[in-house]
file run.cif (mmCIF, N, CA and C atoms)
data_target
loop_
_atom_site.label_atom_id
_atom_site.label_comp_id
_atom_site.auth_asym_id
_atom_site.auth_seq_id
_atom_site.Cartn_x
_atom_site.Cartn_y
_atom_site.Cartn_z
N MET A 1 -28.48 -16.18 -11.74
CA MET A 1 -27.14 -15.70 -12.03
C MET A 1 -26.10 -16.72 -11.58
N LEU A 2 -26.25 -17.25 -10.38
CA LEU A 2 -25.24 -18.16 -9.87
C LEU A 2 -25.27 -19.51 -10.56
N LYS A 3 -26.44 -19.93 -11.05
CA LYS A 3 -26.51 -21.21 -11.77
C LYS A 3 -25.70 -21.13 -13.06
N GLY A 4 -25.77 -20.01 -13.76
CA GLY A 4 -24.98 -19.84 -14.96
C GLY A 4 -23.49 -19.77 -14.66
N LEU A 5 -23.16 -19.17 -13.54
CA LEU A 5 -21.76 -19.04 -13.14
C LEU A 5 -21.19 -20.39 -12.69
N HIS A 6 -22.04 -21.22 -12.12
CA HIS A 6 -21.60 -22.52 -11.61
C HIS A 6 -21.04 -23.40 -12.72
N GLY A 7 -21.61 -23.32 -13.90
CA GLY A 7 -21.17 -24.18 -14.99
C GLY A 7 -20.12 -23.56 -15.89
N ASN A 8 -19.74 -22.32 -15.65
CA ASN A 8 -18.83 -21.61 -16.55
C ASN A 8 -17.51 -21.36 -15.82
N ARG A 9 -16.53 -22.22 -16.08
CA ARG A 9 -15.24 -22.13 -15.39
C ARG A 9 -14.50 -20.84 -15.73
N ARG A 10 -14.56 -20.42 -16.97
CA ARG A 10 -13.85 -19.19 -17.37
C ARG A 10 -14.42 -17.98 -16.64
N ALA A 11 -15.74 -17.94 -16.49
CA ALA A 11 -16.36 -16.83 -15.77
C ALA A 11 -15.98 -16.86 -14.29
N GLN A 12 -15.90 -18.04 -13.71
CA GLN A 12 -15.48 -18.17 -12.32
C GLN A 12 -14.07 -17.63 -12.12
N LEU A 13 -13.17 -18.02 -13.01
CA LEU A 13 -11.79 -17.56 -12.90
C LEU A 13 -11.69 -16.05 -13.10
N SER A 14 -12.44 -15.53 -14.05
CA SER A 14 -12.42 -14.09 -14.31
C SER A 14 -12.97 -13.31 -13.12
N LEU A 15 -14.07 -13.79 -12.56
CA LEU A 15 -14.67 -13.12 -11.41
C LEU A 15 -13.74 -13.19 -10.19
N GLY A 16 -13.12 -14.33 -9.97
CA GLY A 16 -12.18 -14.47 -8.86
C GLY A 16 -10.96 -13.57 -9.02
N PHE A 17 -10.46 -13.48 -10.24
CA PHE A 17 -9.31 -12.62 -10.52
C PHE A 17 -9.67 -11.16 -10.29
N ALA A 18 -10.84 -10.74 -10.77
CA ALA A 18 -11.28 -9.35 -10.59
C ALA A 18 -11.48 -9.04 -9.11
N ALA A 19 -12.07 -9.97 -8.37
CA ALA A 19 -12.28 -9.75 -6.93
C ALA A 19 -10.94 -9.63 -6.21
N GLY A 20 -9.96 -10.44 -6.60
CA GLY A 20 -8.64 -10.37 -6.00
C GLY A 20 -7.93 -9.06 -6.28
N ILE A 21 -8.05 -8.58 -7.50
CA ILE A 21 -7.45 -7.29 -7.86
C ILE A 21 -8.08 -6.16 -7.05
N ILE A 22 -9.40 -6.17 -6.95
CA ILE A 22 -10.10 -5.12 -6.19
C ILE A 22 -9.74 -5.19 -4.72
N PHE A 23 -9.71 -6.40 -4.15
CA PHE A 23 -9.36 -6.57 -2.74
C PHE A 23 -7.93 -6.11 -2.48
N GLY A 24 -7.00 -6.49 -3.34
CA GLY A 24 -5.62 -6.06 -3.19
C GLY A 24 -5.46 -4.56 -3.29
N PHE A 25 -6.20 -3.94 -4.22
CA PHE A 25 -6.16 -2.49 -4.36
C PHE A 25 -6.66 -1.81 -3.09
N LEU A 26 -7.75 -2.33 -2.52
CA LEU A 26 -8.29 -1.73 -1.30
C LEU A 26 -7.33 -1.91 -0.12
N LEU A 27 -6.67 -3.06 -0.04
CA LEU A 27 -5.67 -3.25 1.02
C LEU A 27 -4.51 -2.28 0.86
N GLN A 28 -4.08 -2.08 -0.37
CA GLN A 28 -2.97 -1.16 -0.64
C GLN A 28 -3.36 0.27 -0.28
N LYS A 29 -4.55 0.69 -0.68
CA LYS A 29 -4.99 2.06 -0.39
C LYS A 29 -5.24 2.26 1.11
N GLY A 30 -5.63 1.20 1.80
CA GLY A 30 -5.88 1.31 3.24
C GLY A 30 -4.62 1.25 4.07
N GLY A 31 -3.49 0.96 3.46
CA GLY A 31 -2.22 0.92 4.19
C GLY A 31 -1.98 -0.39 4.91
N ALA A 32 -2.75 -1.41 4.61
CA ALA A 32 -2.61 -2.69 5.30
C ALA A 32 -1.48 -3.53 4.74
N THR A 33 -0.71 -3.01 3.80
CA THR A 33 0.41 -3.76 3.23
C THR A 33 1.75 -3.27 3.76
N ARG A 34 1.73 -2.28 4.65
CA ARG A 34 2.99 -1.80 5.23
C ARG A 34 3.50 -2.79 6.26
N TYR A 35 4.81 -2.90 6.35
CA TYR A 35 5.44 -3.89 7.24
C TYR A 35 5.02 -3.70 8.69
N ASP A 36 5.06 -2.47 9.18
CA ASP A 36 4.73 -2.24 10.59
C ASP A 36 3.27 -2.55 10.89
N VAL A 37 2.39 -2.33 9.93
CA VAL A 37 0.97 -2.66 10.13
C VAL A 37 0.79 -4.18 10.18
N ILE A 38 1.46 -4.90 9.28
CA ILE A 38 1.34 -6.36 9.26
C ILE A 38 1.86 -6.96 10.56
N VAL A 39 3.01 -6.48 11.05
CA VAL A 39 3.56 -6.99 12.30
C VAL A 39 2.61 -6.66 13.46
N GLY A 40 2.06 -5.46 13.45
CA GLY A 40 1.11 -5.08 14.50
C GLY A 40 -0.14 -5.94 14.49
N GLN A 41 -0.60 -6.31 13.30
CA GLN A 41 -1.77 -7.18 13.21
C GLN A 41 -1.46 -8.58 13.72
N LEU A 42 -0.28 -9.08 13.42
CA LEU A 42 0.11 -10.41 13.90
C LEU A 42 0.29 -10.42 15.42
N LEU A 43 0.72 -9.29 15.97
CA LEU A 43 0.88 -9.19 17.42
C LEU A 43 -0.41 -8.75 18.12
N LEU A 44 -1.46 -8.57 17.34
CA LEU A 44 -2.78 -8.15 17.84
C LEU A 44 -2.73 -6.80 18.54
N THR A 45 -1.92 -5.88 18.00
CA THR A 45 -1.85 -4.53 18.55
C THR A 45 -2.33 -3.48 17.57
N ASP A 46 -2.43 -3.82 16.29
CA ASP A 46 -2.86 -2.86 15.26
C ASP A 46 -4.02 -3.50 14.48
N PHE A 47 -5.20 -2.91 14.60
CA PHE A 47 -6.38 -3.46 13.94
C PHE A 47 -6.83 -2.56 12.79
N THR A 48 -5.88 -2.17 11.95
CA THR A 48 -6.16 -1.31 10.80
C THR A 48 -7.15 -1.97 9.87
#
call {"tool": "encode", "arguments": {"input": "run.cif", "output": "structure tokens"}}
result
Amino acid sequence: MLKGLHGNRRAQLSLGFAAGIIFGFLLQKGGATRYDVIVGQLLLTDFT
């Protein structure tokens, strides 16, 4: 599977885009995009 993906740039971009959308959706649903959570993570006080 990975050998075929290695030579196919369009598939790589599509897979990366899909993974980014899914990751962003999960961050949004988990509440990790709220301002107070981000500040807490940077200050190492909120490990959401």
call {"tool": "atom_distance", "arguments": {"input": "run.cif", "atom1": "atom N of Leu5 of chain A", "atom2": "atom N of Ala19 of chain A"}}
result
15.3 Å
call {"tool": "select_by_dssp", "arguments": {"input": "run.cif", "residues": "chain A", "states": "helix (DSSP H, G or I)", "output": "JSON, numbers by chain"}}
result
{"A": [2, 3, 4, 5, 6, 9, 10, 11, 12, 13, 14, 15, 16, 17, 18, 19, 20, 21, 22, 23, 24, 25, 26, 27, 28, 29, 30, 35, 36, 37, 38, 39, 40, 41, 42]}
call {"tool": "atom_distance", "arguments": {"input": "run.cif", "atom1": "atom CA of Ile38 of chain A", "atom2": "atom CA of Ala18 of chain A"}}
result
23.7 Å
call {"tool": "residues_near_point", "arguments": {"input": "run.cif", "point": "(-6.1, -7.2, 9.9)", "cutoff": "8 Å", "atoms": "all atoms listed in the file", "output": "number ranges by chain"}}
result
A: 32, 37-38, 40-42, 46-48
call {"tool": "atom_distance", "arguments": {"input": "run.cif", "atom1": "atom N of Lys29 of chain A", "atom2": "atom CA of Ser14 of chain A"}}
result
21.6 Å
